[in-house]
2 protein chains.
Amino acid sequence: MVASGWRFLVGRPLRAREVSREQITPVEGLPALSLDALTSVAYGPEAIIVVLAAAGAAALHLVLPVTIAIVALLAVLVFSYRQVIDAYPGGGGAYAVCRANFGPRVSLLAAAALVVDYTLTVAVSIAAGVGALTSAFPGLSPATVPICLGFLAVITVLNLRGLGDAARAFVLPTMVFVVGLLAIIAVGLIHPLALHAPQPGRSLLATHGLEAVSVLLVLKAFSAGCSALTGVEAIANGVPLFKQPRAVRAKQTELLLGGILGTMLAGLAVLARRWQIGPRSGQTVLSQVMGLAIGRHWAYYVMSLTITLVLALAANTSFGGLPVLASLLARDNYLPRLFSLRDDRQVFAVGIWALAILSGALLVAVGGNTLALIPLYAIGVFTGFTLSQAGLVIHWSRTRPPRWRHRAIVNGIGAAVTAVATMVFLVTKFTAGAWVVVLAIPALIGLFVRIHVYYDRSQRALGVGRVPGKPHARRTMVVVPVTGVSRLTQHAIAEALSISQRVVAVHVVVEDAGQSAGRDRELQQQWARWNPGVPLRVLHTEFASVTRPIVAFIDELHERHDDQIVVLVPVVRPDRLRDNLLYNHLDLVLAAALGTRTDVVVARAPMSLHLEDAARTSRPVNRYQLGKDELG
Amino acid sequence: MVASGWRFLVGRPLRAREVSREQITPVEGLPALSLDALTSVAYGPEAIIVVLAAAGAAALHLVLPVTIAIVALLAVLVFSYRQVIDAYPGGGGAYAVCRANFGPRVSLLAAAALVVDYTLTVAVSIAAGVGALTSAFPGLSPATVPICLGFLAVITVLNLRGLGDAARAFVLPTMVFVVGLLAIIAVGLIHPLALHAPQPGRSLLATHGLEAVSVLLVLKAFSAGCSALTGVEAIANGVPLFKQPRAVRAKQTELLLGGILGTMLAGLAVLARRWQIGPRSGQTVLSQVMGLAIGRHWAYYVMSLTITLVLALAANTSFGGLPVLASLLARDNYLPRLFSLRDDRQVFAVGIWALAILSGALLVAVGGNTLALIPLYAIGVFTGFTLSQAGLVIHWSRTRPPRWRHRAIVNGIGAAVTAVATMVFLVTKFTAGAWVVVLAIPALIGLFVRIHVYYDRSQRALGVGRVPGKPHARRTMVVVPVTGVSRLTQHAIAEALSISQRVVAVHVVVEDAGQSAGRDRELQQQWARWNPGVPLRVLHTEFASVTRPIVAFIDELHERHDDQIVVLVPVVRPDRLRDNLLYNHLDLVLAAALGTRTDVVVARAPMSLHLEDAARTSRPVNRYQLGKDELG
């Protein structure tokens, strides 16, 4: 039941070659890998205006130049990441670039920054989307955390089905969002068409400048606005998810993203300047622009709901990136190898689960209110930007393709600007929570290194790659724990005799108030009557544990001779899963007790039990016999 | 770490004969098995007065006669249960009596009633105790549920250590409670010593009778007051917990309980009558009596806290009763046999855990507010009273000892009176929640019967008690899944060759974008170079699952010949438990995939891995080789 329900949710197993059909085109690439970047128009321009507004209305004219600088940086990043795709089509983004150009240590810094970024992106995006929803419908507020986890569960299942499915599900809302917002900006720019609806809320603009218009203010506005650029790296990180020719399609997607995002940012800045938009209570900047351009009718509400949805779906960007990154780290022995295994649907399921659990825990820990985390996750992203562009500078100076100097200069400028932005982020937000990131990144690097060291040692201890000695057979002795004489015992003894001629059955008598002597003798008589050709050894114990005397008996055998010992445990496999509750499962208890022993092979001899035939006869069953086979 | 911490909590394993030292004396029997009954003085008299107060002050004079009737019934019950102990010293109380005198069907009714009663008792007692605590310290109210679960956890651990320990821990508060309350009653009765402190709160007495003084009112008051009698059956149910001579000690305890409880009830009724005590806001009847007798100084607060504590500890009564009852049911095949197994501490751990989980869930479900459940759990108890006394009537008429007629008449009266009380409970409380009990009891009986039918059938299918055919050996073939050539592979192949000369190694190649052909060839070359004397079969798969081709290969082997097939999975056992996360655990995956197959024996060949020696050398490891042994 559970298994088939799960199969229905995630779909049937896929062949490796079927997966190429599951891979994505540029149009699907936008919803699958770029929603994080596209939706940042919902908070990027806002962040700039909030910073500038602290210096009064006069400072608001700086919105346009700051945004132009950000769009220029966007162009540099898009250009840079198109080069990354060319140079490292295996995905992994900053991690791959750093690995090739700076060596393993710096690449681990990039990887750790990306892991933090991806986890925060999921939590922040879902919380922002649900926050927008609960603002529209305040009655849902008490259920914020369950709604967040519900969104997370849906996104997780879609990704476990395969990103192709997920991307397809996201195409429609993404298109509505992109086309709608571009149309709104166009309407706004063609002045006479705009409706100029009255604005609700009250202006939060400082009436006299609290802060002077200074270089620092401009820097703060610039770095705050840079949160609009988070996510542009995701396409380069997820190249292997694209259809062949992968690099070409990924580069097309990157260009498409850059064009749309740049147009939106510039357009919003022009409109904000023209309409003198400042911060307002209960109204985002985007909502003000939309209201002024198309009024507050059905189209406004459709767009508001769409923004809610795409913000929540932006979490999907991380699900495109982290599992691929984790699989690369696992292949390089920096994470457990399970992260590098594809599951039945050919996705890196362990990475998907890990991301879902981490971000779910984060959502629960902050109660679904992660708006304060928005500036933090830019730190991880910009660390990656800086590292990958610095790496490309080295790449160009090493490979020296045509026009390499020109390319290196552009990447160098990008590296310098993003490095400054990272530092400004860190300094201005350190006490507001950036210290968490500062602690998490070295902790992750430490974990990666420890895992790597362990794998190195274990490979050496296992002698991997050397030719081992010849395997030598030993005599084998099979120990079969029995609880009575029945068809189960017959089945297990037969399997034991197939393995070795040296078989011993053991029966444990728990001495309980002296009533056990009778049972003991009766079993020995039954055994003699059956005469299976195998000795029965009765073990007495004063403790209640059945495993203890069996372990002691095995130790005794080891002392007496050098045979390999196999413990073969008879197990009943009932027809229905729930009937397992009615058996004592000595196999599990013994396996746990012998689990740390490397001198014993523990095996199960399962026998199926069909009750249909037996159900006909209704002969009363002897009470004593009922109690006998309890270890089945 | 976890295991040793747990061992510290519950203590070292005990031998069966050490347990007799763990068993309890009459003085320990009171705290261990009778707190439920003793603490009912905190709500029994209250229940009578609340019912009578509905008919106005004039009806309060009925408190004394009603209480005298209840004390008389208590005497009948104590007498009756002393006879139960004599007749059925194996414990189980009503269940054992019904089983012997009415047959299995009625005994299951008694068992189901007892299970409901025990579970409700735990929840009600803990909630009542914590309720008293939070009344005294209102700041703790928001943490009601966690405090309830904390108490439950402490009681559970004490019982997992063994009831002896638990009883010892409860002796002091029980003594303070009993001696203190008897002293208070004595002070109150010796009139001139009483302090007559003024009463806080306001009277809730109806100023003009809302209800007429009628037979129904007296019946309702009587049955409400009968909640003071819940728990007197626990001693008879838990006879096996007493030191030898068990029956004698248990009968002493029963008499002790009857004497103390009767004295307390009668004394409280006399004082309540004398001081015209009615219901009062925020003040229990017991608290009013205490205030009037000894004033509201330190002694009053010590007693209040003690009452809180013993109410919470009264839950322990159920932990003394339910696991024993469940073990009897399990021995008669009405519950899974795990309930009949003693654990390392010689306690019925499964029963203890089941009770803790059920009552914990109940506490969480009702938010720690189970005061409304108090009248309900009397239903279960009184059903048991009626059944066991009716059973004794049959017992006497069958065995006919001296004065059997006299005995049968007393038991018959007890049965009739408790039957009436049960009916009154049911009718007056049906809509207030008694319907839950009415549903739960048949559901439990249904479960018992289904389990019994299953065991009957499975025993017949297993042919228990018949002499089975001779076991016949077959040829065995061992399949060893390998991922490369290493010391682990050598170890596993050696163990396989010890089991059979017919061994085949299998290697699964997951075809992933056509890069696997090289690895495949390289492994075959390495195998040829090693030449372990065992063929290597390479299995290709287009799916990502490694188990699928192995299962298909086993099916192929089954088609080709009749050999018994053993799948021997190489497993690395690292030194540290957490290092297991770094291995892929093909053994678990394969065991799960082959778990339902009864034609394959799955075995593990564990090899310990010590890294100390390898850590010295620091030769860099070949990247390709690192990826090879990933299935370890």
# chains A, B, ... in the order shown; residues from 1 in each chain; ligands from 1
$ select_by_dssp --residues "region 433-490 of chain A" --states "helix (DSSP H, G or I)" --output "PyMOL selection string"
chain A and resi 433-462+487-490
$ write_last_selection --atoms "C-alpha atoms" --output "tab-separated table (two decimals), in the first residue's frame"
chain	number	residue	atom	x	y	z
A	433	GLY	CA	22.53	37.13	11.35
A	434	ALA	CA	25.42	37.06	8.87
A	435	TRP	CA	27.53	35.51	11.63
A	436	VAL	CA	25.52	32.31	11.14
A	437	VAL	CA	26.82	32.09	7.59
A	438	VAL	CA	30.32	32.94	8.80
A	439	LEU	CA	30.13	29.99	11.19
A	440	ALA	CA	28.35	27.57	8.85
A	441	ILE	CA	30.77	27.83	5.94
A	442	PRO	CA	33.93	26.78	7.84
A	443	ALA	CA	31.94	24.05	9.61
A	444	LEU	CA	30.90	22.62	6.24
A	445	ILE	CA	34.47	22.83	4.91
A	446	GLY	CA	35.64	20.95	8.01
A	447	LEU	CA	33.03	18.25	7.39
A	448	PHE	CA	34.09	17.88	3.74
A	449	VAL	CA	37.76	17.55	4.72
A	450	ARG	CA	37.08	14.98	7.45
A	451	ILE	CA	35.01	12.86	5.08
A	452	HIS	CA	37.78	13.05	2.48
A	453	VAL	CA	40.43	11.99	4.98
A	454	TYR	CA	38.27	9.06	6.09
A	455	TYR	CA	37.76	7.81	2.53
A	456	ASP	CA	41.49	8.11	1.83
A	457	ARG	CA	42.31	6.01	4.87
A	458	SER	CA	39.60	3.43	4.28
A	459	GLN	CA	40.66	2.93	0.66
A	460	ARG	CA	44.21	2.34	1.81
A	461	ALA	CA	43.07	-0.03	4.57
A	462	LEU	CA	40.99	-1.97	2.03
A	487	ARG	CA	8.00	-27.35	9.59
A	488	LEU	CA	9.93	-24.13	10.10
A	489	THR	CA	12.64	-26.03	11.96
A	490	GLN	CA	12.69	-28.68	9.23
$ residues_around --residues "Leu325 (chain A)" --least-positions-apart "2" --cutoff "10 Å" --atoms "only C-alpha atoms" --output "mmCIF file with N, CA and C atoms, in the first residue's frame"
data_model
loop_
_atom_site.group_PDB
_atom_site.id
_atom_site.type_symbol
_atom_site.label_atom_id
_atom_site.label_comp_id
_atom_site.auth_asym_id
_atom_site.auth_seq_id
_atom_site.Cartn_x
_atom_site.Cartn_y
_atom_site.Cartn_z
ATOM 1 N N GLY A 91 28.750 21.074 -15.085
ATOM 2 C CA GLY A 91 27.954 21.622 -13.995
ATOM 3 C C GLY A 91 28.805 21.869 -12.774
ATOM 4 N N GLY A 92 28.136 22.280 -11.675
ATOM 5 C CA GLY A 92 28.877 22.535 -10.442
ATOM 6 C C GLY A 92 29.311 23.977 -10.294
ATOM 7 N N GLY A 93 29.288 24.765 -11.385
ATOM 8 C CA GLY A 93 29.528 26.210 -11.310
ATOM 9 C C GLY A 93 30.821 26.581 -10.598
ATOM 10 N N ALA A 94 30.698 27.438 -9.594
ATOM 11 C CA ALA A 94 31.860 27.968 -8.891
ATOM 12 C C ALA A 94 32.742 26.839 -8.364
ATOM 13 N N TYR A 95 32.109 25.726 -7.931
ATOM 14 C CA TYR A 95 32.892 24.615 -7.398
ATOM 15 C C TYR A 95 33.825 24.048 -8.458
ATOM 16 N N ALA A 96 33.268 23.819 -9.673
ATOM 17 C CA ALA A 96 34.084 23.251 -10.746
ATOM 18 C C ALA A 96 35.197 24.224 -11.151
ATOM 19 N N ALA A 111 32.080 25.460 -2.555
ATOM 20 C CA ALA A 111 31.032 24.456 -2.359
ATOM 21 C C ALA A 111 30.234 24.752 -1.096
ATOM 22 N N LEU A 114 27.950 27.615 -1.604
ATOM 23 C CA LEU A 114 26.795 27.232 -2.418
ATOM 24 C C LEU A 114 25.776 26.421 -1.608
ATOM 25 N N VAL A 115 26.279 25.513 -0.759
ATOM 26 C CA VAL A 115 25.349 24.699 0.033
ATOM 27 C C VAL A 115 24.517 25.598 0.949
ATOM 28 N N ASN A 237 25.412 26.032 -12.825
ATOM 29 C CA ASN A 237 25.584 24.906 -11.901
ATOM 30 C C ASN A 237 24.831 23.673 -12.368
ATOM 31 N N GLY A 238 23.754 23.884 -13.166
ATOM 32 C CA GLY A 238 22.884 22.766 -13.512
ATOM 33 C C GLY A 238 22.970 22.363 -14.972
ATOM 34 N N GLY A 320 17.364 22.200 -8.277
ATOM 35 C CA GLY A 320 18.112 21.931 -9.497
ATOM 36 C C GLY A 320 19.606 21.926 -9.249
ATOM 37 N N GLY A 321 20.056 22.725 -8.276
ATOM 38 C CA GLY A 321 21.489 22.914 -8.090
ATOM 39 C C GLY A 321 22.127 22.021 -7.054
ATOM 40 N N LEU A 322 21.535 21.965 -5.850
ATOM 41 C CA LEU A 322 22.242 21.282 -4.759
ATOM 42 C C LEU A 322 22.488 19.804 -5.013
ATOM 43 N N PRO A 323 21.492 19.033 -5.494
ATOM 44 C CA PRO A 323 21.776 17.601 -5.677
ATOM 45 C C PRO A 323 22.917 17.340 -6.667
ATOM 46 N N SER A 327 26.413 15.614 -5.713
ATOM 47 C CA SER A 327 26.904 14.410 -6.389
ATOM 48 C C SER A 327 28.355 14.602 -6.827
ATOM 49 N N LEU A 328 28.698 15.828 -7.264
ATOM 50 C CA LEU A 328 30.093 16.093 -7.625
ATOM 51 C C LEU A 328 30.993 15.996 -6.397
ATOM 52 N N LEU A 329 30.546 16.579 -5.278
ATOM 53 C CA LEU A 329 31.327 16.507 -4.038
ATOM 54 C C LEU A 329 31.494 15.055 -3.605
ATOM 55 N N ALA A 330 30.421 14.259 -3.740
ATOM 56 C CA ALA A 330 30.491 12.858 -3.333
ATOM 57 C C ALA A 330 31.451 12.097 -4.235
ATOM 58 N N ARG A 331 31.459 12.409 -5.536
ATOM 59 C CA ARG A 331 32.384 11.718 -6.429
ATOM 60 C C ARG A 331 33.824 12.058 -6.084
ATOM 61 N N PHE A 339 25.285 10.294 -2.009
ATOM 62 C CA PHE A 339 24.869 11.488 -2.736
ATOM 63 C C PHE A 339 25.149 11.381 -4.238
ATOM 64 N N SER A 340 26.027 10.465 -4.633
ATOM 65 C CA SER A 340 26.370 10.354 -6.055
ATOM 66 C C SER A 340 25.542 9.299 -6.766
ATOM 67 N N GLY A 351 20.412 13.803 -2.268
ATOM 68 C CA GLY A 351 20.603 15.252 -2.234
ATOM 69 C C GLY A 351 19.275 15.987 -2.115
#
$ residues_around --residues "region 398-405 of chain A" --least-positions-apart "4" --cutoff "12 Å" --atoms "only C-alpha atoms" --output "list in words"
Gln83, Ala87, Ala100, Asn101, Gly391, Leu392, Val393, Ile394, Ile409, Val410, Asn411 and Gly412 of chain A
$ closest_residue --among "B:Val509, B:Ile147, B:Val478, B:Leu338" --to "chain A" --atoms "only C-alpha atoms"
B:Leu338
$ residues_around --residues "region 547-563 of chain A" --least-positions-apart "5" --cutoff "7 Å" --atoms "only C-alpha atoms" --output "ChimeraX atom specification"
/A:474-477,539,541,590,593
$ write_last_selection --atoms "N, CA and C atoms" --output "PDB file, in the first residue's frame"
ATOM      1  N   ARG A 474      37.569 -22.209   4.388  1.00  0.00           N
ATOM      2  CA  ARG A 474      37.716 -22.901   5.661  1.00  0.00           C
ATOM      3  C   ARG A 474      36.532 -23.841   5.823  1.00  0.00           C
ATOM      4  N   ARG A 475      36.601 -24.729   6.838  1.00  0.00           N
ATOM      5  CA  ARG A 475      35.427 -25.525   7.140  1.00  0.00           C
ATOM      6  C   ARG A 475      34.368 -24.609   7.729  1.00  0.00           C
ATOM      7  N   THR A 476      33.118 -24.907   7.460  1.00  0.00           N
ATOM      8  CA  THR A 476      32.027 -24.072   7.963  1.00  0.00           C
ATOM      9  C   THR A 476      31.167 -24.868   8.915  1.00  0.00           C
ATOM     10  N   MET A 477      30.765 -24.204   9.994  1.00  0.00           N
ATOM     11  CA  MET A 477      29.819 -24.805  10.924  1.00  0.00           C
ATOM     12  C   MET A 477      28.587 -23.908  10.978  1.00  0.00           C
ATOM     13  N   LEU A 539      20.793 -24.625  25.702  1.00  0.00           N
ATOM     14  CA  LEU A 539      21.554 -23.625  26.450  1.00  0.00           C
ATOM     15  C   LEU A 539      20.659 -23.052  27.536  1.00  0.00           C
ATOM     16  N   THR A 541      19.945 -20.222  30.552  1.00  0.00           N
ATOM     17  CA  THR A 541      20.354 -18.882  30.938  1.00  0.00           C
ATOM     18  C   THR A 541      19.510 -18.405  32.096  1.00  0.00           C
ATOM     19  N   LEU A 590      19.077 -11.033  16.935  1.00  0.00           N
ATOM     20  CA  LEU A 590      20.388 -11.670  16.790  1.00  0.00           C
ATOM     21  C   LEU A 590      21.291 -10.864  15.862  1.00  0.00           C
ATOM     22  N   ALA A 593      22.625  -8.092  17.818  1.00  0.00           N
ATOM     23  CA  ALA A 593      23.596  -8.518  18.820  1.00  0.00           C
ATOM     24  C   ALA A 593      24.914  -8.938  18.175  1.00  0.00           C
TER      25      ALA A 593
END
$ residues_around --residues "Leu313 (chain A)" --least-positions-apart "2" --cutoff "9 Å" --atoms "only C-alpha atoms" --output "PDB file with N, CA and C atoms, in the first residue's frame"
ATOM      1  N   PRO A  31      11.842  28.335 -15.832  1.00  0.00           N
ATOM      2  CA  PRO A  31      11.157  27.979 -14.594  1.00  0.00           C
ATOM      3  C   PRO A  31      11.969  27.036 -13.714  1.00  0.00           C
ATOM      4  N   ALA A  32      12.746  26.141 -14.336  1.00  0.00           N
ATOM      5  CA  ALA A  32      13.431  25.129 -13.524  1.00  0.00           C
ATOM      6  C   ALA A  32      14.604  25.718 -12.759  1.00  0.00           C
ATOM      7  N   LEU A  35      13.945  30.804 -11.619  1.00  0.00           N
ATOM      8  CA  LEU A  35      12.899  31.530 -10.895  1.00  0.00           C
ATOM      9  C   LEU A  35      13.477  32.328  -9.743  1.00  0.00           C
ATOM     10  N   ASP A  36      14.503  31.777  -9.120  1.00  0.00           N
ATOM     11  CA  ASP A  36      15.136  32.480  -8.013  1.00  0.00           C
ATOM     12  C   ASP A  36      15.598  33.869  -8.465  1.00  0.00           C
ATOM     13  N   VAL A 122      15.893  28.034  -0.512  1.00  0.00           N
ATOM     14  CA  VAL A 122      14.644  27.277  -0.377  1.00  0.00           C
ATOM     15  C   VAL A 122      13.799  27.877   0.738  1.00  0.00           C
ATOM     16  N   SER A 125      12.637  31.594  -0.135  1.00  0.00           N
ATOM     17  CA  SER A 125      11.657  31.692  -1.218  1.00  0.00           C
ATOM     18  C   SER A 125      10.291  31.204  -0.762  1.00  0.00           C
ATOM     19  N   ILE A 126      10.268  30.038  -0.123  1.00  0.00           N
ATOM     20  CA  ILE A 126       8.977  29.504   0.310  1.00  0.00           C
ATOM     21  C   ILE A 126       8.340  30.435   1.335  1.00  0.00           C
ATOM     22  N   GLY A 129       7.018  33.546  -0.397  1.00  0.00           N
ATOM     23  CA  GLY A 129       5.786  33.265  -1.135  1.00  0.00           C
ATOM     24  C   GLY A 129       4.604  33.105  -0.197  1.00  0.00           C
ATOM     25  N   PHE A 151       4.111  23.381   0.720  1.00  0.00           N
ATOM     26  CA  PHE A 151       4.792  23.791  -0.509  1.00  0.00           C
ATOM     27  C   PHE A 151       6.090  23.003  -0.686  1.00  0.00           C
ATOM     28  N   ILE A 155       7.146  20.540  -3.824  1.00  0.00           N
ATOM     29  CA  ILE A 155       8.353  20.764  -4.633  1.00  0.00           C
ATOM     30  C   ILE A 155       9.284  19.551  -4.540  1.00  0.00           C
ATOM     31  N   PHE A 170       6.024  24.179 -13.848  1.00  0.00           N
ATOM     32  CA  PHE A 170       6.272  25.567 -13.486  1.00  0.00           C
ATOM     33  C   PHE A 170       6.208  26.505 -14.686  1.00  0.00           C
ATOM     34  N   THR A 308       3.115  35.491  -5.782  1.00  0.00           N
ATOM     35  CA  THR A 308       3.144  34.579  -4.631  1.00  0.00           C
ATOM     36  C   THR A 308       3.607  33.194  -5.048  1.00  0.00           C
ATOM     37  N   LEU A 309       2.981  32.683  -6.115  1.00  0.00           N
ATOM     38  CA  LEU A 309       3.272  31.325  -6.554  1.00  0.00           C
ATOM     39  C   LEU A 309       4.715  31.183  -7.035  1.00  0.00           C
ATOM     40  N   VAL A 310       5.161  32.121  -7.908  1.00  0.00           N
ATOM     41  CA  VAL A 310       6.517  31.956  -8.443  1.00  0.00           C
ATOM     42  C   VAL A 310       7.562  32.163  -7.367  1.00  0.00           C
ATOM     43  N   LEU A 311       7.271  33.002  -6.362  1.00  0.00           N
ATOM     44  CA  LEU A 311       8.222  33.133  -5.249  1.00  0.00           C
ATOM     45  C   LEU A 311       8.391  31.791  -4.552  1.00  0.00           C
ATOM     46  N   ALA A 315      12.014  28.278  -4.955  1.00  0.00           N
ATOM     47  CA  ALA A 315      12.773  27.322  -4.153  1.00  0.00           C
ATOM     48  C   ALA A 315      13.301  26.199  -5.031  1.00  0.00           C
ATOM     49  N   ASN A 316      12.609  25.964  -6.145  1.00  0.00           N
ATOM     50  CA  ASN A 316      12.996  24.880  -7.026  1.00  0.00           C
ATOM     51  C   ASN A 316      14.398  25.060  -7.616  1.00  0.00           C
ATOM     52  N   THR A 317      14.824  26.303  -7.773  1.00  0.00           N
ATOM     53  CA  THR A 317      16.171  26.567  -8.285  1.00  0.00           C
ATOM     54  C   THR A 317      17.207  25.767  -7.506  1.00  0.00           C
TER      55      THR A 317
END
